[in-house]
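Visitor: What follows is entry_0.txt, made up of compact mmCIF, C-alpha atoms:
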```txt
# COMPACT_ATOMS: atom_id res chain seq x y z
CA MET A 139 95.84 146.62 41.83
CA PRO A 140 94.66 146.01 45.36
CA GLU A 141 93.10 148.92 47.08
CA ALA A 142 95.32 150.44 49.71
CA LYS A 143 93.91 149.79 53.13
CA VAL A 144 93.24 152.90 55.15
CA GLN A 145 94.49 152.13 58.60
CA GLN A 146 92.20 153.37 61.30
CA PRO A 147 93.90 154.63 64.44
CA GLU A 148 93.51 152.10 67.20
CA GLU A 149 91.09 152.89 69.95
CA ASP A 150 92.59 153.69 73.31
CA GLU A 151 91.02 150.57 74.81
CA GLN A 152 92.68 148.39 72.18
CA LEU A 153 96.04 149.94 72.91
CA VAL A 154 95.50 149.47 76.63
CA SER A 155 94.78 145.76 76.08
CA GLN A 156 97.90 145.40 73.99
CA ALA A 157 99.98 147.27 76.57
CA LEU A 158 98.60 145.01 79.27
CA ALA A 159 99.72 142.05 77.22
CA GLY A 160 103.22 143.50 77.36
CA SER A 161 103.41 145.64 74.24
CA GLN A 162 105.50 148.68 74.99
CA ASN A 163 104.85 149.85 71.46
CA ALA A 164 101.15 150.14 72.23
CA PHE A 165 101.93 152.12 75.34
CA ARG A 166 104.21 154.35 73.29
CA LYS A 167 101.26 155.13 71.03
CA LEU A 168 99.20 156.13 74.05
CA TYR A 169 102.08 158.29 75.21
CA ASP A 170 102.36 159.98 71.83
CA ARG A 171 98.64 160.57 71.81
CA TYR A 172 98.40 162.18 75.24
CA GLN A 173 101.78 163.50 76.28
CA LYS A 174 101.05 167.02 75.02
CA LYS A 175 97.80 167.20 76.94
CA ILE A 176 99.42 165.87 80.06
CA CYS A 177 102.31 168.32 79.71
CA GLY A 178 99.82 171.16 79.35
CA LEU A 179 97.90 170.01 82.39
CA VAL A 180 100.91 169.41 84.62
CA GLY A 181 102.80 172.48 83.45
CA SER A 182 99.82 174.70 84.15
CA MET A 183 99.24 173.25 87.57
CA ILE A 184 102.75 173.72 88.89
CA ASN A 185 104.83 176.82 88.86
CA SER A 186 108.00 175.00 87.97
CA PRO A 187 108.49 174.29 84.27
CA GLU A 188 111.72 172.40 84.93
CA ASP A 189 109.84 169.81 86.99
CA THR A 190 107.09 169.26 84.43
CA GLY A 191 109.09 166.62 82.54
CA ASP A 192 109.69 164.58 85.69
CA ILE A 193 106.03 164.66 86.64
CA VAL A 194 104.91 163.74 83.13
CA GLN A 195 107.24 160.75 83.25
CA GLU A 196 105.85 159.80 86.63
CA VAL A 197 102.29 160.04 85.29
CA PHE A 198 102.99 157.57 82.48
CA ILE A 199 104.94 155.23 84.74
CA ARG A 200 102.04 155.21 87.20
CA ALA A 201 99.56 154.73 84.39
CA PHE A 202 101.48 151.75 83.04
CA GLY A 203 101.80 150.29 86.51
CA SER A 204 98.07 150.41 87.10
CA LEU A 205 96.76 149.72 83.61
CA ASP A 206 95.04 146.61 84.93
CA SER A 207 92.90 148.82 87.16
CA PHE A 208 91.59 150.69 84.12
CA LYS A 209 88.21 149.07 83.63
CA GLY A 210 87.10 151.09 80.64
CA ALA A 211 84.12 152.50 82.54
CA SER A 212 85.48 155.96 81.78
CA SER A 213 87.53 157.07 78.83
CA PHE A 214 91.26 156.43 78.99
CA TYR A 215 92.18 160.09 78.93
CA THR A 216 89.95 161.07 81.85
CA TRP A 217 91.55 158.20 83.77
CA LEU A 218 94.98 159.47 82.75
CA TYR A 219 94.11 163.05 83.73
CA ARG A 220 93.12 161.81 87.17
CA ILE A 221 96.54 160.19 87.54
CA ALA A 222 98.15 163.42 86.36
CA LEU A 223 96.25 165.50 88.90
CA ASN A 224 97.24 163.10 91.68
CA ALA A 225 100.88 163.16 90.63
CA THR A 226 100.78 166.95 90.51
CA THR A 227 99.22 167.12 93.96
CA ASP A 228 101.90 164.79 95.33
CA PHE A 229 104.59 166.95 93.77
CA ARG A 230 103.13 170.16 95.19
CA ARG A 231 102.90 168.58 98.62
CA LYS A 232 106.55 167.55 98.51
CA GLN A 233 107.54 170.93 97.15
CA ALA A 234 105.63 172.73 99.90
CA ARG A 235 107.43 170.65 102.53
CA ARG A 236 110.80 171.46 100.99
CA SER A 237 110.23 175.18 100.56
CA GLN A 238 108.44 175.94 103.79
CA SER A 239 111.29 178.10 104.95
CA VAL A 240 111.74 179.95 101.67
CA PRO A 241 109.06 182.61 101.29
CA GLU A 242 107.87 183.14 97.76
CA GLN A 243 107.99 186.52 96.09
CA PRO A 244 104.79 188.34 97.02
CA LEU A 245 102.42 188.10 94.13
CA SER A 246 101.43 191.71 94.47
CA GLU A 247 104.90 192.61 93.27
CA ILE A 248 104.63 190.54 90.14
CA GLY A 249 103.23 191.86 86.94
CA ARG A 250 104.15 195.45 87.42
CA GLY A 251 106.85 195.30 84.80
CA GLU A 252 106.72 196.74 81.33
CA LEU A 253 104.79 194.20 79.39
CA GLN A 254 103.58 196.38 76.58
CA VAL A 255 106.38 195.38 74.21
CA ALA A 256 104.59 193.43 71.55
CA ALA A 257 101.37 191.59 71.01
CA PRO A 258 101.29 188.04 72.34
CA GLY A 259 101.97 185.40 69.75
CA GLU A 260 103.58 187.84 67.35
CA GLU A 261 106.26 185.92 65.50
CA THR A 262 109.17 188.08 66.44
CA PRO A 263 111.67 187.37 69.19
CA GLU A 264 110.02 190.14 71.19
CA GLY A 265 106.59 188.71 70.59
CA GLU A 266 107.74 185.28 71.67
CA LEU A 267 109.38 186.65 74.77
CA TYR A 268 106.27 188.62 75.56
CA SER A 269 104.12 185.52 75.22
CA LYS A 270 106.42 183.60 77.53
CA GLU A 271 106.39 186.36 80.13
CA LEU A 272 102.66 186.62 79.86
CA ALA A 273 102.30 182.87 80.23
CA ALA A 274 104.51 182.94 83.32
CA LEU A 275 102.35 185.67 84.82
CA VAL A 276 99.11 183.84 84.11
CA ARG A 277 100.63 180.70 85.60
CA LYS A 278 101.49 182.67 88.72
CA ALA A 279 97.99 184.06 88.83
CA LEU A 280 96.66 180.51 88.54
CA GLY A 281 98.84 179.70 91.52
CA THR A 282 96.83 182.11 93.63
CA LEU A 283 93.75 179.94 93.16
CA GLY A 284 93.05 176.99 95.37
CA LYS A 285 93.80 173.53 94.03
CA GLU A 286 90.18 172.71 93.20
CA HIS A 287 89.64 175.93 91.29
CA ARG A 288 92.92 175.66 89.44
CA GLU A 289 92.10 172.10 88.42
CA VAL A 290 88.75 172.90 86.83
CA MET A 291 90.18 175.98 85.14
CA VAL A 292 93.03 174.05 83.55
CA LEU A 293 90.92 171.04 82.61
CA ARG A 294 88.40 173.31 80.91
CA GLU A 295 90.57 175.99 79.35
CA ILE A 296 93.69 174.05 78.46
CA ASN A 297 92.51 170.48 78.08
CA GLY A 298 89.11 171.43 76.69
CA LEU A 299 87.14 168.94 78.77
CA SER A 300 83.38 169.21 79.04
CA TYR A 301 81.70 169.79 82.40
CA ALA A 302 80.78 166.10 82.59
CA GLU A 303 84.36 165.04 81.90
CA ILE A 304 85.75 167.47 84.47
CA ALA A 305 83.26 166.11 86.99
CA GLU A 306 84.49 162.61 86.23
CA VAL A 307 88.16 163.50 86.58
CA THR A 308 87.76 165.52 89.76
CA GLY A 309 85.06 163.36 91.33
CA VAL A 310 82.54 166.13 91.92
CA THR A 311 79.13 166.96 90.48
CA ILE A 312 78.60 169.01 87.34
CA GLY A 313 77.03 171.73 89.48
CA THR A 314 80.18 171.95 91.56
CA VAL A 315 82.28 172.09 88.40
CA MET A 316 80.22 175.02 87.15
CA SER A 317 80.42 176.98 90.37
CA ARG A 318 84.16 176.31 90.77
CA LEU A 319 84.77 177.36 87.20
CA HIS A 320 82.80 180.55 87.68
CA TYR A 321 84.67 181.42 90.84
CA ALA A 322 88.04 180.55 89.27
CA ARG A 323 87.41 182.75 86.23
CA LYS A 324 86.26 185.63 88.37
CA LYS A 325 89.25 185.45 90.71
CA LEU A 326 91.74 184.96 87.91
CA ALA A 327 90.34 187.90 85.98
CA GLU A 328 90.54 190.08 89.10
CA THR A 329 94.16 189.13 89.70
CA LEU A 330 95.15 189.67 86.09
CA GLN A 331 93.40 193.04 86.10
CA ARG A 332 95.29 194.05 89.19
CA TRP A 333 98.51 193.10 87.45
CA LYS A 334 97.44 195.01 84.35
CA VAL A 335 97.54 191.88 82.25
CA LEU A 336 93.84 191.94 81.56
CA ASP A 337 91.97 195.15 80.84
CA GLN A 338 89.56 196.52 83.39
CA GLU A 339 85.93 195.63 83.14
CA GLY A 340 84.10 198.21 81.08
CA MET B 267 56.41 187.25 74.52
CA ALA B 268 57.74 185.17 77.38
CA ASP B 269 61.13 185.05 75.62
CA ARG B 270 61.59 188.74 76.29
CA LYS B 271 61.90 187.96 79.97
CA PHE B 272 64.76 185.57 79.32
CA GLU B 273 67.44 186.60 81.77
CA LEU B 274 71.09 186.16 80.94
CA THR B 275 72.64 185.16 84.23
CA GLU B 276 76.38 184.67 84.74
CA GLU B 277 75.76 180.96 84.84
CA ILE B 278 73.95 180.93 81.52
CA ILE B 279 76.61 183.07 79.87
CA GLN B 280 79.29 180.72 81.15
CA ARG B 281 77.48 177.61 79.97
CA TYR B 282 76.97 179.22 76.59
CA TYR B 283 80.62 180.16 76.38
CA ASP B 284 81.67 176.62 77.30
CA CYS B 285 79.37 175.14 74.63
CA GLU B 286 77.26 173.44 77.28
CA VAL B 287 73.92 174.61 75.89
CA HIS B 288 72.19 173.15 72.88
CA GLY B 289 69.24 173.52 70.59
CA GLN B 290 66.54 175.93 71.53
CA GLU B 291 68.27 177.19 74.63
CA ARG B 292 71.26 178.16 72.55
CA SER B 293 69.14 180.15 70.11
CA ARG B 294 67.37 181.94 72.94
CA ILE B 295 70.68 182.88 74.52
CA GLU B 296 72.03 184.15 71.22
CA GLU B 297 68.99 186.34 70.76
CA ALA B 298 69.28 187.68 74.28
CA LEU B 299 73.01 188.33 73.85
CA ALA B 300 72.41 190.30 70.68
CA ALA B 301 70.14 192.60 72.64
CA ASP B 302 72.43 192.97 75.65
CA PRO B 303 75.84 194.57 75.04
CA ALA B 304 76.88 194.19 78.69
CA SER B 305 76.45 190.43 78.48
CA GLU B 306 78.28 190.36 75.16
CA GLU B 307 81.16 192.14 76.86
CA LYS B 308 81.19 189.48 79.59
CA LEU B 309 81.38 186.85 76.90
CA ALA B 310 84.26 188.67 75.25
CA ARG B 311 86.11 188.77 78.57
CA TYR B 312 85.77 185.00 78.88
CA GLY B 313 87.38 184.86 75.46
CA ARG B 314 90.31 187.05 76.48
CA LEU B 315 90.86 184.98 79.60
CA SER B 316 90.86 181.82 77.49
CA GLU B 317 93.50 183.31 75.19
CA LEU B 318 95.72 183.95 78.19
CA MET B 319 95.13 180.43 79.48
CA GLN B 320 96.06 179.06 76.07
CA LEU B 321 99.42 180.77 76.39
CA VAL B 322 100.05 178.84 79.60
CA GLY B 323 99.07 175.59 77.94
CA GLU B 324 101.30 176.22 74.93
CA ALA B 325 104.22 177.26 77.10
CA SER B 326 103.85 174.04 79.09
CA GLU B 327 103.83 171.68 76.12
CA ALA B 328 106.98 169.72 75.58
CA ASP B 329 108.79 170.27 72.29
CA GLU B 330 109.67 167.28 70.11
CA PHE B 331 113.07 166.86 71.69
CA THR B 332 111.74 166.95 75.25
CA ALA B 333 108.89 164.61 74.38
CA ARG B 334 111.35 162.06 72.96
CA ARG B 335 113.64 162.44 75.95
CA ASN B 336 110.70 161.93 78.31
CA TRP B 337 109.74 158.75 76.48
CA ARG B 338 113.31 157.44 76.68
CA GLU B 339 113.24 157.95 80.44
CA ILE B 340 109.84 156.29 80.75
CA SER B 341 110.89 153.40 78.56
CA ALA B 342 114.08 152.87 80.55
CA ARG B 343 112.17 152.86 83.81
CA LEU B 344 109.61 150.45 82.45
CA LYS B 345 112.35 148.10 81.28
CA ALA B 346 114.06 148.35 84.62
CA LYS B 347 110.81 147.47 86.31
CA PRO B 348 109.13 144.74 84.29
CA ARG B 349 105.48 144.25 84.99
CA SER B 350 105.91 141.06 86.91
CA LEU B 351 103.30 139.82 89.32
CA LEU B 352 105.66 140.43 92.20
CA LEU B 353 105.70 144.14 91.49
CA ARG B 354 101.99 144.60 91.54
CA PRO B 355 100.63 145.84 94.87
CA ARG B 356 97.39 143.99 94.15
CA PHE B 357 99.26 140.72 94.07
CA TRP B 358 100.70 141.34 97.53
CA VAL B 359 97.35 142.40 98.89
CA SER B 360 95.90 139.11 97.64
CA VAL B 361 98.79 137.14 99.15
CA ALA B 362 98.36 138.91 102.48
CA ALA B 363 94.61 138.28 102.44
CA ALA B 364 95.18 134.60 101.66
CA ALA B 365 97.75 134.33 104.45
CA VAL B 366 95.39 135.92 106.98
CA PHE B 367 92.63 133.58 105.82
CA TRP B 368 94.87 130.54 106.14
CA LEU B 369 96.14 131.52 109.57
CA PHE B 370 92.63 132.16 110.78
CA PHE B 371 91.26 128.82 109.70
CA TYR B 372 94.22 126.48 109.72
CA GLY B 373 96.90 128.22 111.68
CA PRO B 374 98.19 127.44 115.17
CA PHE B 375 95.72 129.85 116.78
CA GLU B 376 92.87 127.51 116.20
CA LYS B 377 94.58 124.67 118.06
CA ALA B 378 95.64 126.90 120.89
CA GLN B 379 92.15 128.23 121.33
CA SER B 380 90.33 124.96 120.82
CA ASN B 381 89.18 122.72 123.68
CA GLU B 382 88.97 119.72 121.44
CA LEU B 383 91.11 116.72 122.23
CA VAL B 384 93.46 115.80 119.52
CA ILE B 385 94.54 112.22 118.98
CA GLU B 386 98.21 112.28 118.31
CA SER B 387 98.86 108.54 118.45
CA ILE B 388 97.20 105.32 119.38
CA ASP B 389 99.20 102.71 121.16
CA CYS B 390 97.16 99.58 120.81
CA THR B 391 97.85 95.94 121.39
CA TYR B 392 94.76 94.87 119.62
CA ALA B 393 95.27 93.35 116.26
CA SER B 394 93.00 95.76 114.58
CA PHE B 395 91.16 98.88 115.29
CA MET B 396 89.31 101.37 113.31
CA LEU B 397 89.25 105.12 113.63
CA ILE B 398 86.09 106.67 112.44
CA GLN B 399 85.61 110.38 112.19
CA PRO B 400 82.17 110.80 110.78
CA GLU B 401 81.04 114.20 109.56
CA THR B 402 78.66 114.93 112.38
CA GLU B 403 77.77 118.24 113.86
CA THR B 404 79.43 117.28 117.11
CA GLY B 405 82.57 116.24 115.29
CA HIS B 406 83.10 113.33 117.73
CA THR B 407 85.68 110.75 116.87
CA ILE B 408 84.71 107.13 117.27
CA ILE B 409 87.39 104.56 118.00
CA TRP B 410 86.20 101.09 117.26
CA LEU B 411 88.32 98.39 118.77
CA SER B 412 88.09 94.82 117.75
CA ASP B 413 89.75 91.85 119.37
CA SER B 414 88.88 89.63 116.52
CA GLY B 415 92.52 89.66 115.57
CA LYS B 416 93.46 87.91 118.82
CA ASN B 417 90.83 85.31 118.34
CA GLY B 418 91.52 84.93 114.72
CA SER B 419 93.88 82.67 112.87
CA GLN B 420 97.04 84.13 114.43
```
Once more with this new file: its structure as structure tokens, please.
Guide:
Amino acid sequence: MPEAKVQQPEEDEQLVSQALAGSQNAFRKLYDRYQKKICGLVGSMINSPEDTGDIVQEVFIRAFGSLDSFKGASSFYTWLYRIALNATTDFRRKQARRSQSVPEQPLSEIGRGELQVAAPGEETPEGELYSKELAALVRKALGTLGKEHREVMVLREINGLSYAEIAEVTGVTIGTVMSRLHYARKKLAETLQRWKVLDQEG
Amino acid sequence: MADRKFELTEEIIQRYYDCEVHGQERSRIEEALAADPASEEKLARYGRLSELMQLVGEASEADEFTARRNWREISARLKAKPRSLLLRPRFWVSVAAAAVFWLFFYGPFEKAQSNELVIESIDCTYASFMLIQPETETGHTIIWLSDSGKNGSQ
């Protein structure tokens, strides 16, 4: 009986070549591989969950449209993350233009609700609701950071990129990544403490 | 003895937390952390912040249904816009560059700006003539006229 061949997952570069040759199936595989990460990145960067889907679609459309500019000098996902960050920035710019006249709820008023219902992640409807509310608050707190600080925070904490990879995606030095990350963590912790989401420093 | 002086700065704690230290440095940091509860607390706070960030990431992920719907939209848009040459901006940049190049070297501007005389036609009663445009630096055109035709057999 012939030995069953263990199929190795194709490398990103292989799939890119196939997609460039017109294979939508290959591009679908890349989508399946990275859509969660891109959703996490985009969804954390914008404070509008309903728009995340549109931006994710835009990211993959842009990626497909410029696949021939992917030279393989960096990894495919860092290249894709860069597209995602650009698409997110474009979206935020458009959104800012549209909502200039509509003042947002002051952030100091957020987070004063009763959040001590259940532990986050607890598998009860209350726990789930609590997690969602908590996530919304943290997202809002992220929104208080500047774009550069939010980017490094999300790329590190949600996408799990190394300092070198973050530097590649954002186009800054590793030293800058480190200092931005330090500042972002400090500011975010302060905000979340003020909102009683994170305990006070002991 | 020198190891005792090892100072756990915020930067070092952060790099340790982010798994950006290796080998000996890692061991030294671990030793120093064990002896410094305040730094351990800082490390724990990084952990709590990460947990909160994870909630944002998880809440942002598309469920199976949304992921499939997103792909359908992408696929439809890709089909609607096939990757033809004409749709690639690079192609149009190349075409524009080629057009500018052509106009610069061969376009009407050159003639308008040039002082060179251009022979448009030669009205000649001689039986034969020869137009020679040798590749010289001056680019002069030589017109060689011969009346041998008149004196010839005709």
Visitor: Show me, as number ranges by chain, every residue of chain A with an atom at most 9 Å from chain B, counting all atoms listed in the file.
Guide: A: 158, 160, 162, 166, 169-170, 173-182, 187, 190-192, 194-196, 198-199, 202-204, 258-259, 269-270, 272-277, 291-292, 294-297, 300-301, 316-317, 319-320, 323, 326-327, 336-337, 339-340
Visitor: I'd like to know which of B:Tyr372, B:Phe331, B:Trp358, B:Phe272 is closest to B:Glu297, using all atoms listed in the file.
Guide: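 Ranked by minimum distance to B:Glu297, first place goes to B:Phe272.
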Visitor: Have a look at atom CA of A:Ala234 and atom CA of A:Asp189 and let me know their distance in Å, one decimal.
Guide: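 Distance between the two atoms: 13.9 Å.
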Visitor: Can you pull out the residues contacting A:Arg220? Cut-off 12 Å, using all atoms listed in the file, and skip same-chain residues under 4 positions away; I want them as number ranges by chain.
Guide: A: 176, 179-180, 197-198, 200-201, 208, 212-216, 224-227, 289-290, 293, 303-309
Visitor: For C-alpha atoms, I'd like the residues from the last selection saved as a PDB file, in the frame of the given file.
Guide:
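Okay, this is what ended up in part_38.pdb:
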```pdb
ATOM      1  CA  ILE A 176      99.420 165.870  80.060  1.00  0.00           C
ATOM      2  CA  LEU A 179      97.900 170.010  82.390  1.00  0.00           C
ATOM      3  CA  VAL A 180     100.910 169.410  84.620  1.00  0.00           C
ATOM      4  CA  VAL A 197     102.290 160.040  85.290  1.00  0.00           C
ATOM      5  CA  PHE A 198     102.990 157.570  82.480  1.00  0.00           C
ATOM      6  CA  ARG A 200     102.040 155.210  87.200  1.00  0.00           C
ATOM      7  CA  ALA A 201      99.560 154.730  84.390  1.00  0.00           C
ATOM      8  CA  PHE A 208      91.590 150.690  84.120  1.00  0.00           C
ATOM      9  CA  SER A 212      85.480 155.960  81.780  1.00  0.00           C
ATOM     10  CA  SER A 213      87.530 157.070  78.830  1.00  0.00           C
ATOM     11  CA  PHE A 214      91.260 156.430  78.990  1.00  0.00           C
ATOM     12  CA  TYR A 215      92.180 160.090  78.930  1.00  0.00           C
ATOM     13  CA  THR A 216      89.950 161.070  81.850  1.00  0.00           C
ATOM     14  CA  ASN A 224      97.240 163.100  91.680  1.00  0.00           C
ATOM     15  CA  ALA A 225     100.880 163.160  90.630  1.00  0.00           C
ATOM     16  CA  THR A 226     100.780 166.950  90.510  1.00  0.00           C
ATOM     17  CA  THR A 227      99.220 167.120  93.960  1.00  0.00           C
ATOM     18  CA  GLU A 289      92.100 172.100  88.420  1.00  0.00           C
ATOM     19  CA  VAL A 290      88.750 172.900  86.830  1.00  0.00           C
ATOM     20  CA  LEU A 293      90.920 171.040  82.610  1.00  0.00           C
ATOM     21  CA  GLU A 303      84.360 165.040  81.900  1.00  0.00           C
ATOM     22  CA  ILE A 304      85.750 167.470  84.470  1.00  0.00           C
ATOM     23  CA  ALA A 305      83.260 166.110  86.990  1.00  0.00           C
ATOM     24  CA  GLU A 306      84.490 162.610  86.230  1.00  0.00           C
ATOM     25  CA  VAL A 307      88.160 163.500  86.580  1.00  0.00           C
ATOM     26  CA  THR A 308      87.760 165.520  89.760  1.00  0.00           C
ATOM     27  CA  GLY A 309      85.060 163.360  91.330  1.00  0.00           C
TER      28      GLY A 309
END
```
Visitor: Between atom CA of A:Ala279 and atom CA of A:Arg231, what is the spacing in Å?
Guide: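 That distance, rounded to one decimal, is 19.0 Å.
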Visitor: What is the distance, in Å and to one decimal place, between atom CA of A:Ile184 and atom CA of A:Gln233?
Guide: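 Atom CA of A:Gln233 lies at a distance of 9.9 Å from atom CA of A:Ile184.
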